[in-house]
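Data file: coords.csv. Format and content: CSV, N, CA and C atoms and all ligand atoms.
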chain,number,residue,atom,x,y,z
V,1,MET,N,-7.5,26.1,-19.3
V,1,MET,CA,-7.9,26.9,-20.5
V,1,MET,C,-8.4,28.2,-20.1
V,2,THR,N,-8.0,29.3,-20.8
V,2,THR,CA,-8.3,30.7,-20.5
V,2,THR,C,-9.4,31.1,-21.5
V,3,ARG,N,-10.4,31.8,-21.0
V,3,ARG,CA,-11.4,32.3,-21.9
V,3,ARG,C,-11.5,33.8,-21.7
V,4,ALA,N,-11.7,34.5,-22.9
V,4,ALA,CA,-11.9,35.9,-22.9
V,4,ALA,C,-12.7,36.3,-24.1
V,5,ALA,N,-13.4,37.5,-24.0
V,5,ALA,CA,-14.2,38.0,-25.1
V,5,ALA,C,-13.6,39.2,-25.7
V,6,TYR,N,-13.2,39.1,-26.9
V,6,TYR,CA,-12.6,40.2,-27.7
V,6,TYR,C,-13.3,40.3,-29.0
V,7,ARG,N,-13.6,41.5,-29.5
V,7,ARG,CA,-14.3,41.7,-30.8
V,7,ARG,C,-15.6,41.0,-30.8
V,8,TYR,N,-16.3,40.9,-29.7
V,8,TYR,CA,-17.7,40.4,-29.6
V,8,TYR,C,-17.7,38.9,-29.8
V,9,VAL,N,-16.6,38.2,-29.7
V,9,VAL,CA,-16.5,36.8,-29.9
V,9,VAL,C,-15.8,36.2,-28.7
V,10,ASP,N,-16.3,35.1,-28.1
V,10,ASP,CA,-15.6,34.4,-27.0
V,10,ASP,C,-14.5,33.6,-27.6
V,11,TRP,N,-13.3,33.8,-27.1
V,11,TRP,CA,-12.1,33.0,-27.5
V,11,TRP,C,-11.6,32.2,-26.4
V,12,SER,N,-11.1,31.0,-26.7
V,12,SER,CA,-10.4,30.2,-25.8
V,12,SER,C,-9.0,30.0,-26.1
V,13,LEU,N,-8.1,29.9,-25.1
V,13,LEU,CA,-6.7,29.7,-25.4
V,13,LEU,C,-6.4,28.3,-24.7
V,14,GLY,N,-5.9,27.4,-25.5
V,14,GLY,CA,-5.5,26.1,-25.0
V,14,GLY,C,-4.3,25.6,-25.7
V,15,THR,N,-3.8,24.4,-25.3
V,15,THR,CA,-2.7,23.8,-25.9
V,15,THR,C,-3.0,23.4,-27.3
V,16,ASP,N,-2.0,23.5,-28.2
V,16,ASP,CA,-2.1,23.1,-29.5
V,16,ASP,C,-2.0,21.5,-29.6
V,17,PRO,N,-3.0,20.8,-29.9
V,17,PRO,CA,-2.9,19.3,-29.9
V,17,PRO,C,-1.9,18.8,-30.9
V,18,GLU,N,-1.6,19.6,-31.9
V,18,GLU,CA,-0.7,19.1,-33.0
V,18,GLU,C,0.7,19.3,-32.7
V,19,GLN,N,1.0,20.1,-31.6
V,19,GLN,CA,2.4,20.4,-31.3
V,19,GLN,C,2.7,20.0,-29.8
V,20,PRO,N,3.3,19.0,-29.5
V,20,PRO,CA,3.6,18.6,-28.1
V,20,PRO,C,4.5,19.6,-27.4
V,21,LEU,N,4.4,19.6,-26.1
V,21,LEU,CA,5.3,20.4,-25.3
V,21,LEU,C,6.8,20.0,-25.6
V,22,GLN,N,7.6,20.9,-25.7
V,22,GLN,CA,9.1,20.6,-26.0
V,22,GLN,C,9.9,21.1,-24.8
V,23,ARG,N,10.8,20.2,-24.4
V,23,ARG,CA,11.7,20.5,-23.2
V,23,ARG,C,13.1,20.4,-23.7
V,24,ARG,N,14.0,21.2,-23.0
V,24,ARG,CA,15.4,21.0,-23.2
V,24,ARG,C,16.0,21.5,-21.9
V,25,ILE,N,17.2,21.0,-21.6
V,25,ILE,CA,18.0,21.3,-20.4
V,25,ILE,C,19.3,22.0,-20.9
V,26,GLU,N,19.6,23.1,-20.2
V,26,GLU,CA,20.8,23.9,-20.5
V,26,GLU,C,21.7,23.8,-19.3
V,27,CYS,N,23.0,23.7,-19.6
V,27,CYS,CA,24.0,23.8,-18.5
V,27,CYS,C,24.1,25.3,-18.1
V,28,ALA,N,24.2,25.5,-16.8
V,28,ALA,CA,24.3,26.8,-16.2
V,28,ALA,C,25.8,27.2,-16.2
V,29,SER,N,26.7,26.3,-16.4
V,29,SER,CA,28.1,26.6,-16.3
V,29,SER,C,28.8,26.8,-17.6
V,30,CYS,N,28.2,26.3,-18.7
V,30,CYS,CA,28.7,26.5,-20.0
V,30,CYS,C,27.6,26.6,-21.0
V,31,SER,N,27.8,26.7,-22.3
V,31,SER,CA,26.7,26.9,-23.2
V,31,SER,C,26.1,25.6,-23.8
V,32,ALA,N,26.5,24.4,-23.2
V,32,ALA,CA,26.0,23.2,-23.7
V,32,ALA,C,24.5,23.0,-23.4
V,33,ALA,N,23.8,22.3,-24.2
V,33,ALA,CA,22.3,22.1,-24.0
V,33,ALA,C,21.9,20.8,-24.7
V,34,SER,N,20.9,20.2,-24.1
V,34,SER,CA,20.3,19.0,-24.8
V,34,SER,C,19.6,19.5,-26.0
V,35,GLY,N,19.2,18.6,-26.8
V,35,GLY,CA,18.3,18.9,-27.9
V,35,GLY,C,16.9,19.1,-27.4
V,36,ASP,N,16.0,19.7,-28.2
V,36,ASP,CA,14.6,19.7,-27.8
V,36,ASP,C,14.0,18.4,-27.9
V,37,SER,N,13.1,18.0,-26.9
V,37,SER,CA,12.5,16.7,-26.9
V,37,SER,C,11.0,16.9,-26.3
V,38,PRO,N,10.1,16.1,-26.9
V,38,PRO,CA,8.8,16.1,-26.3
V,38,PRO,C,8.7,15.4,-25.0
V,39,GLY,N,9.7,14.6,-24.7
V,39,GLY,CA,9.7,13.8,-23.4
V,39,GLY,C,10.7,14.4,-22.5
V,40,GLN,N,10.7,14.0,-21.2
V,40,GLN,CA,11.6,14.5,-20.2
V,40,GLN,C,12.9,13.7,-20.1
V,41,LEU,N,12.7,12.4,-20.4
V,41,LEU,CA,13.8,11.5,-20.1
V,41,LEU,C,15.1,11.8,-21.0
V,42,GLY,N,14.9,12.1,-22.2
V,42,GLY,CA,16.1,12.4,-23.1
V,42,GLY,C,16.9,13.6,-22.5
V,43,PRO,N,16.3,14.7,-22.3
V,43,PRO,CA,17.1,15.9,-21.7
V,43,PRO,C,17.7,15.5,-20.4
V,44,GLU,N,17.0,14.8,-19.5
V,44,GLU,CA,17.6,14.5,-18.2
V,44,GLU,C,18.8,13.5,-18.4
V,45,GLN,N,18.7,12.6,-19.3
V,45,GLN,CA,19.8,11.7,-19.5
V,45,GLN,C,21.0,12.5,-20.0
V,46,TRP,N,20.8,13.5,-20.9
V,46,TRP,CA,21.8,14.3,-21.4
V,46,TRP,C,22.5,15.1,-20.2
V,47,ALA,N,21.7,15.6,-19.3
V,47,ALA,CA,22.2,16.4,-18.2
V,47,ALA,C,23.1,15.6,-17.3
V,48,LEU,N,22.6,14.3,-17.0
V,48,LEU,CA,23.4,13.5,-16.2
V,48,LEU,C,24.7,13.1,-16.8
V,49,ARG,N,24.7,12.8,-18.1
V,49,ARG,CA,25.9,12.5,-18.9
V,49,ARG,C,26.9,13.7,-18.9
V,50,HIS,N,26.3,14.9,-19.1
V,50,HIS,CA,27.1,16.1,-19.1
V,50,HIS,C,27.7,16.4,-17.7
V,51,ALA,N,27.0,16.1,-16.6
V,51,ALA,CA,27.5,16.3,-15.3
V,51,ALA,C,28.6,15.4,-15.0
V,52,ALA,N,28.5,14.1,-15.4
V,52,ALA,CA,29.5,13.1,-15.2
V,52,ALA,C,30.8,13.4,-16.0
V,53,ALA,N,30.6,14.0,-17.2
V,53,ALA,CA,31.7,14.2,-18.1
V,53,ALA,C,32.5,15.5,-17.7
V,54,THR,N,31.8,16.5,-17.2
V,54,THR,CA,32.4,17.8,-17.0
V,54,THR,C,32.4,18.2,-15.5
V,55,GLY,N,31.6,17.7,-14.7
V,55,GLY,CA,31.5,18.1,-13.3
V,55,GLY,C,30.6,19.3,-13.1
V,56,HIS,N,30.0,19.7,-14.2
V,56,HIS,CA,29.0,20.8,-14.1
V,56,HIS,C,27.7,20.3,-13.4
V,57,ARG,N,27.2,21.0,-12.4
V,57,ARG,CA,26.1,20.4,-11.6
V,57,ARG,C,24.8,21.2,-11.7
V,58,ASP,N,24.9,22.4,-12.3
V,58,ASP,CA,23.7,23.3,-12.3
V,58,ASP,C,23.2,23.4,-13.7
V,59,PHE,N,21.9,23.2,-13.8
V,59,PHE,CA,21.2,23.2,-15.1
V,59,PHE,C,19.9,24.0,-14.9
V,60,GLN,N,19.3,24.4,-16.1
V,60,GLN,CA,18.0,24.9,-16.1
V,60,GLN,C,17.2,24.2,-17.2
V,61,GLU,N,15.9,24.0,-16.9
V,61,GLU,CA,15.1,23.3,-17.9
V,61,GLU,C,14.2,24.3,-18.5
V,62,ILE,N,14.1,24.3,-19.8
V,62,ILE,CA,13.2,25.2,-20.6
V,62,ILE,C,12.1,24.4,-21.2
V,63,ALA,N,10.8,24.7,-20.9
V,63,ALA,CA,9.7,24.0,-21.5
V,63,ALA,C,8.9,25.0,-22.3
V,64,VAL,N,8.6,24.6,-23.6
V,64,VAL,CA,7.9,25.5,-24.5
V,64,VAL,C,6.6,24.8,-24.8
V,65,ALA,N,5.5,25.5,-24.5
V,65,ALA,CA,4.1,24.9,-24.8
V,65,ALA,C,3.5,25.8,-25.9
V,66,TYR,N,3.1,25.1,-26.9
V,66,TYR,CA,2.5,25.8,-28.1
V,66,TYR,C,1.0,25.9,-27.8
V,67,LEU,N,0.5,27.1,-28.0
V,67,LEU,CA,-0.9,27.4,-27.7
V,67,LEU,C,-1.7,27.8,-28.9
V,68,ARG,N,-3.0,27.6,-28.9
V,68,ARG,CA,-3.8,28.0,-30.0
V,68,ARG,C,-5.1,28.7,-29.5
V,69,ALA,N,-5.4,29.8,-30.1
V,69,ALA,CA,-6.6,30.6,-29.7
V,69,ALA,C,-7.7,30.1,-30.7
V,70,THR,N,-8.9,29.8,-30.1
V,70,THR,CA,-10.0,29.3,-30.9
V,70,THR,C,-11.2,30.1,-30.6
V,71,PRO,N,-12.0,30.6,-31.6
V,71,PRO,CA,-13.2,31.2,-31.3
V,71,PRO,C,-14.3,30.2,-30.8
V,72,ALA,N,-15.1,30.7,-29.9
V,72,ALA,CA,-16.1,29.8,-29.3
V,72,ALA,C,-17.0,29.1,-30.3
V,73,VAL,N,-17.3,29.8,-31.4
V,73,VAL,CA,-18.2,29.3,-32.4
V,73,VAL,C,-17.7,28.0,-33.0
V,74,GLU,N,-16.3,27.8,-33.0
V,74,GLU,CA,-15.8,26.6,-33.6
V,74,GLU,C,-15.8,25.5,-32.5
V,75,ASP,N,-16.0,25.8,-31.2
V,75,ASP,CA,-16.0,24.8,-30.2
V,75,ASP,C,-17.2,23.9,-30.3
V,76,ALA,N,-18.3,24.4,-30.8
V,76,ALA,CA,-19.6,23.7,-30.9
V,76,ALA,C,-19.6,22.6,-31.9
V,101,ZN,ZN,28.4,22.5,-18.8
As structure tokens:
Amino acid sequence: MTRAAYRYVDWSLGTDPEQPLQRRIECASCSAASGDSPGQLGPEQWALRHAAATGHRDFQEIAVAYLRATPAVEDA
């Protein structure tokens, strides 16, 4: 968690508990991609099936974390 003071109020930046981390895997050889998933297993299975079907071996994983800034006075 990152803390900083702006406009005379301490703010904290942390993960949004209502929005889980989303992951997807994209093929580096074509434009194919898995769907977004809060888990890792689904995108990895997609990548392995894609590799077996196409011979494409290079992928990149994109993870999106949703963050929420909260004033310290709400932390109490
Ligand atoms: Zn591909």
- Which neighbours of range 17-25 of chain V fall inside 8 Å, counting all atoms listed in the file, when residues of the same chain fewer than 4 positions from it are skipped, and could you give them as a PyMOL selection string? chain V and resi 32-40+42-44+46-47+59-68
Would you save the residues from that selection as a PDB file, in the coordinates of the input, using N, CA and C atoms?
ATOM      1  N   ALA V  32      26.500  24.400 -23.200  1.00  0.00           N
ATOM      2  CA  ALA V  32      26.000  23.200 -23.700  1.00  0.00           C
ATOM      3  C   ALA V  32      24.500  23.000 -23.400  1.00  0.00           C
ATOM      4  N   ALA V  33      23.800  22.300 -24.200  1.00  0.00           N
ATOM      5  CA  ALA V  33      22.300  22.100 -24.000  1.00  0.00           C
ATOM      6  C   ALA V  33      21.900  20.800 -24.700  1.00  0.00           C
ATOM      7  N   SER V  34      20.900  20.200 -24.100  1.00  0.00           N
ATOM      8  CA  SER V  34      20.300  19.000 -24.800  1.00  0.00           C
ATOM      9  C   SER V  34      19.600  19.500 -26.000  1.00  0.00           C
ATOM     10  N   GLY V  35      19.200  18.600 -26.800  1.00  0.00           N
ATOM     11  CA  GLY V  35      18.300  18.900 -27.900  1.00  0.00           C
ATOM     12  C   GLY V  35      16.900  19.100 -27.400  1.00  0.00           C
ATOM     13  N   ASP V  36      16.000  19.700 -28.200  1.00  0.00           N
ATOM     14  CA  ASP V  36      14.600  19.700 -27.800  1.00  0.00           C
ATOM     15  C   ASP V  36      14.000  18.400 -27.900  1.00  0.00           C
ATOM     16  N   SER V  37      13.100  18.000 -26.900  1.00  0.00           N
ATOM     17  CA  SER V  37      12.500  16.700 -26.900  1.00  0.00           C
ATOM     18  C   SER V  37      11.000  16.900 -26.300  1.00  0.00           C
ATOM     19  N   PRO V  38      10.100  16.100 -26.900  1.00  0.00           N
ATOM     20  CA  PRO V  38       8.800  16.100 -26.300  1.00  0.00           C
ATOM     21  C   PRO V  38       8.700  15.400 -25.000  1.00  0.00           C
ATOM     22  N   GLY V  39       9.700  14.600 -24.700  1.00  0.00           N
ATOM     23  CA  GLY V  39       9.700  13.800 -23.400  1.00  0.00           C
ATOM     24  C   GLY V  39      10.700  14.400 -22.500  1.00  0.00           C
ATOM     25  N   GLN V  40      10.700  14.000 -21.200  1.00  0.00           N
ATOM     26  CA  GLN V  40      11.600  14.500 -20.200  1.00  0.00           C
ATOM     27  C   GLN V  40      12.900  13.700 -20.100  1.00  0.00           C
ATOM     28  N   GLY V  42      14.900  12.100 -22.200  1.00  0.00           N
ATOM     29  CA  GLY V  42      16.100  12.400 -23.100  1.00  0.00           C
ATOM     30  C   GLY V  42      16.900  13.600 -22.500  1.00  0.00           C
ATOM     31  N   PRO V  43      16.300  14.700 -22.300  1.00  0.00           N
ATOM     32  CA  PRO V  43      17.100  15.900 -21.700  1.00  0.00           C
ATOM     33  C   PRO V  43      17.700  15.500 -20.400  1.00  0.00           C
ATOM     34  N   GLU V  44      17.000  14.800 -19.500  1.00  0.00           N
ATOM     35  CA  GLU V  44      17.600  14.500 -18.200  1.00  0.00           C
ATOM     36  C   GLU V  44      18.800  13.500 -18.400  1.00  0.00           C
ATOM     37  N   TRP V  46      20.800  13.500 -20.900  1.00  0.00           N
ATOM     38  CA  TRP V  46      21.800  14.300 -21.400  1.00  0.00           C
ATOM     39  C   TRP V  46      22.500  15.100 -20.200  1.00  0.00           C
ATOM     40  N   ALA V  47      21.700  15.600 -19.300  1.00  0.00           N
ATOM     41  CA  ALA V  47      22.200  16.400 -18.200  1.00  0.00           C
ATOM     42  C   ALA V  47      23.100  15.600 -17.300  1.00  0.00           C
ATOM     43  N   PHE V  59      21.900  23.200 -13.800  1.00  0.00           N
ATOM     44  CA  PHE V  59      21.200  23.200 -15.100  1.00  0.00           C
ATOM     45  C   PHE V  59      19.900  24.000 -14.900  1.00  0.00           C
ATOM     46  N   GLN V  60      19.300  24.400 -16.100  1.00  0.00           N
ATOM     47  CA  GLN V  60      18.000  24.900 -16.100  1.00  0.00           C
ATOM     48  C   GLN V  60      17.200  24.200 -17.200  1.00  0.00           C
ATOM     49  N   GLU V  61      15.900  24.000 -16.900  1.00  0.00           N
ATOM     50  CA  GLU V  61      15.100  23.300 -17.900  1.00  0.00           C
ATOM     51  C   GLU V  61      14.200  24.300 -18.500  1.00  0.00           C
ATOM     52  N   ILE V  62      14.100  24.300 -19.800  1.00  0.00           N
ATOM     53  CA  ILE V  62      13.200  25.200 -20.600  1.00  0.00           C
ATOM     54  C   ILE V  62      12.100  24.400 -21.200  1.00  0.00           C
ATOM     55  N   ALA V  63      10.800  24.700 -20.900  1.00  0.00           N
ATOM     56  CA  ALA V  63       9.700  24.000 -21.500  1.00  0.00           C
ATOM     57  C   ALA V  63       8.900  25.000 -22.300  1.00  0.00           C
ATOM     58  N   VAL V  64       8.600  24.600 -23.600  1.00  0.00           N
ATOM     59  CA  VAL V  64       7.900  25.500 -24.500  1.00  0.00           C
ATOM     60  C   VAL V  64       6.600  24.800 -24.800  1.00  0.00           C
ATOM     61  N   ALA V  65       5.500  25.500 -24.500  1.00  0.00           N
ATOM     62  CA  ALA V  65       4.100  24.900 -24.800  1.00  0.00           C
ATOM     63  C   ALA V  65       3.500  25.800 -25.900  1.00  0.00           C
ATOM     64  N   TYR V  66       3.100  25.100 -26.900  1.00  0.00           N
ATOM     65  CA  TYR V  66       2.500  25.800 -28.100  1.00  0.00           C
ATOM     66  C   TYR V  66       1.000  25.900 -27.800  1.00  0.00           C
ATOM     67  N   LEU V  67       0.500  27.100 -28.000  1.00  0.00           N
ATOM     68  CA  LEU V  67      -0.900  27.400 -27.700  1.00  0.00           C
ATOM     69  C   LEU V  67      -1.700  27.800 -28.900  1.00  0.00           C
ATOM     70  N   ARG V  68      -3.000  27.600 -28.900  1.00  0.00           N
ATOM     71  CA  ARG V  68      -3.800  28.000 -30.000  1.00  0.00           C
ATOM     72  C   ARG V  68      -5.100  28.700 -29.500  1.00  0.00           C
TER      73      ARG V  68
END
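Around ligand ZN 101 (chain V), the neighbouring residues within 8 Å, taking only C-alpha atoms and all ligand atoms, come to V:Glu26, V:Cys27, V:Ala28, V:Ser29, V:Cys30, V:Ser31, V:Ala32, V:His50, V:Ala51, V:Thr54, V:Gly55, V:His56, V:Arg57.
Excluding Tyr8 in chain V itself and any same-chain residue fewer than 6 positions from it, the protein and nucleic acid residues within 12 Å of it, counting only C-alpha atoms, are Pro71, Ala72 and Val73 of chain V.
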- Item | Which of chain V fall in alpha helix (DSSP H), as a PyMOL selection string | chain V and resi 41-54+72-75
- Message: For a quick check of your reading of the model, name the residues lying within 8 Å of the coordinate (-7.3, 27.4, -27.4), counting only N, CA and C atoms, and write them as number ranges by chain.
- Response: V: 1-2, 11-16, 67-71
Quick one: what's the axis-aligned box for range 21-38 of chain V, all listed atoms, 5 Å on every side, centre and edges in Å to one decimal, as JSON?
{"center_x": 16.6, "center_y": 21.3, "center_z": -22.2, "size_x": 34.4, "size_y": 21.8, "size_z": 22.0}
- Task: Using DSSP on the backbone, list every residue of chain V that comes out as strand (DSSP E), and give them as a PyMOL selection string.
- Result: chain V and resi 2-6+9-15+22-27+59-64+67-71
Selecting C-alpha atoms, how would range 9-26 of chain V from this structure be written as a PDB file, in the first residue's frame?
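Written output follows (selection.pdb):
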ATOM      1  CA  VAL V   9      -5.226  14.754   3.874  1.00  0.00           C
ATOM      2  CA  ASP V  10      -3.364  11.464   4.023  1.00  0.00           C
ATOM      3  CA  TRP V  11      -4.425   9.151   1.218  1.00  0.00           C
ATOM      4  CA  SER V  12      -3.751   5.486   0.779  1.00  0.00           C
ATOM      5  CA  LEU V  13      -3.691   3.602  -2.487  1.00  0.00           C
ATOM      6  CA  GLY V  14      -4.568  -0.062  -2.346  1.00  0.00           C
ATOM      7  CA  THR V  15      -6.236  -2.767  -4.351  1.00  0.00           C
ATOM      8  CA  ASP V  16      -9.969  -2.470  -4.898  1.00  0.00           C
ATOM      9  CA  PRO V  17     -11.484  -5.373  -2.937  1.00  0.00           C
ATOM     10  CA  GLU V  18     -14.575  -5.350  -5.141  1.00  0.00           C
ATOM     11  CA  GLN V  19     -12.667  -5.871  -8.396  1.00  0.00           C
ATOM     12  CA  PRO V  20     -10.304  -8.834  -8.583  1.00  0.00           C
ATOM     13  CA  LEU V  21      -7.090  -8.809 -10.578  1.00  0.00           C
ATOM     14  CA  GLN V  22      -7.778  -9.668 -14.224  1.00  0.00           C
ATOM     15  CA  ARG V  23      -5.349 -11.631 -16.388  1.00  0.00           C
ATOM     16  CA  ARG V  24      -5.250 -12.473 -20.052  1.00  0.00           C
ATOM     17  CA  ILE V  25      -2.643 -13.977 -22.330  1.00  0.00           C
ATOM     18  CA  GLU V  26      -1.995 -12.717 -25.838  1.00  0.00           C
TER      19      GLU V  26
END
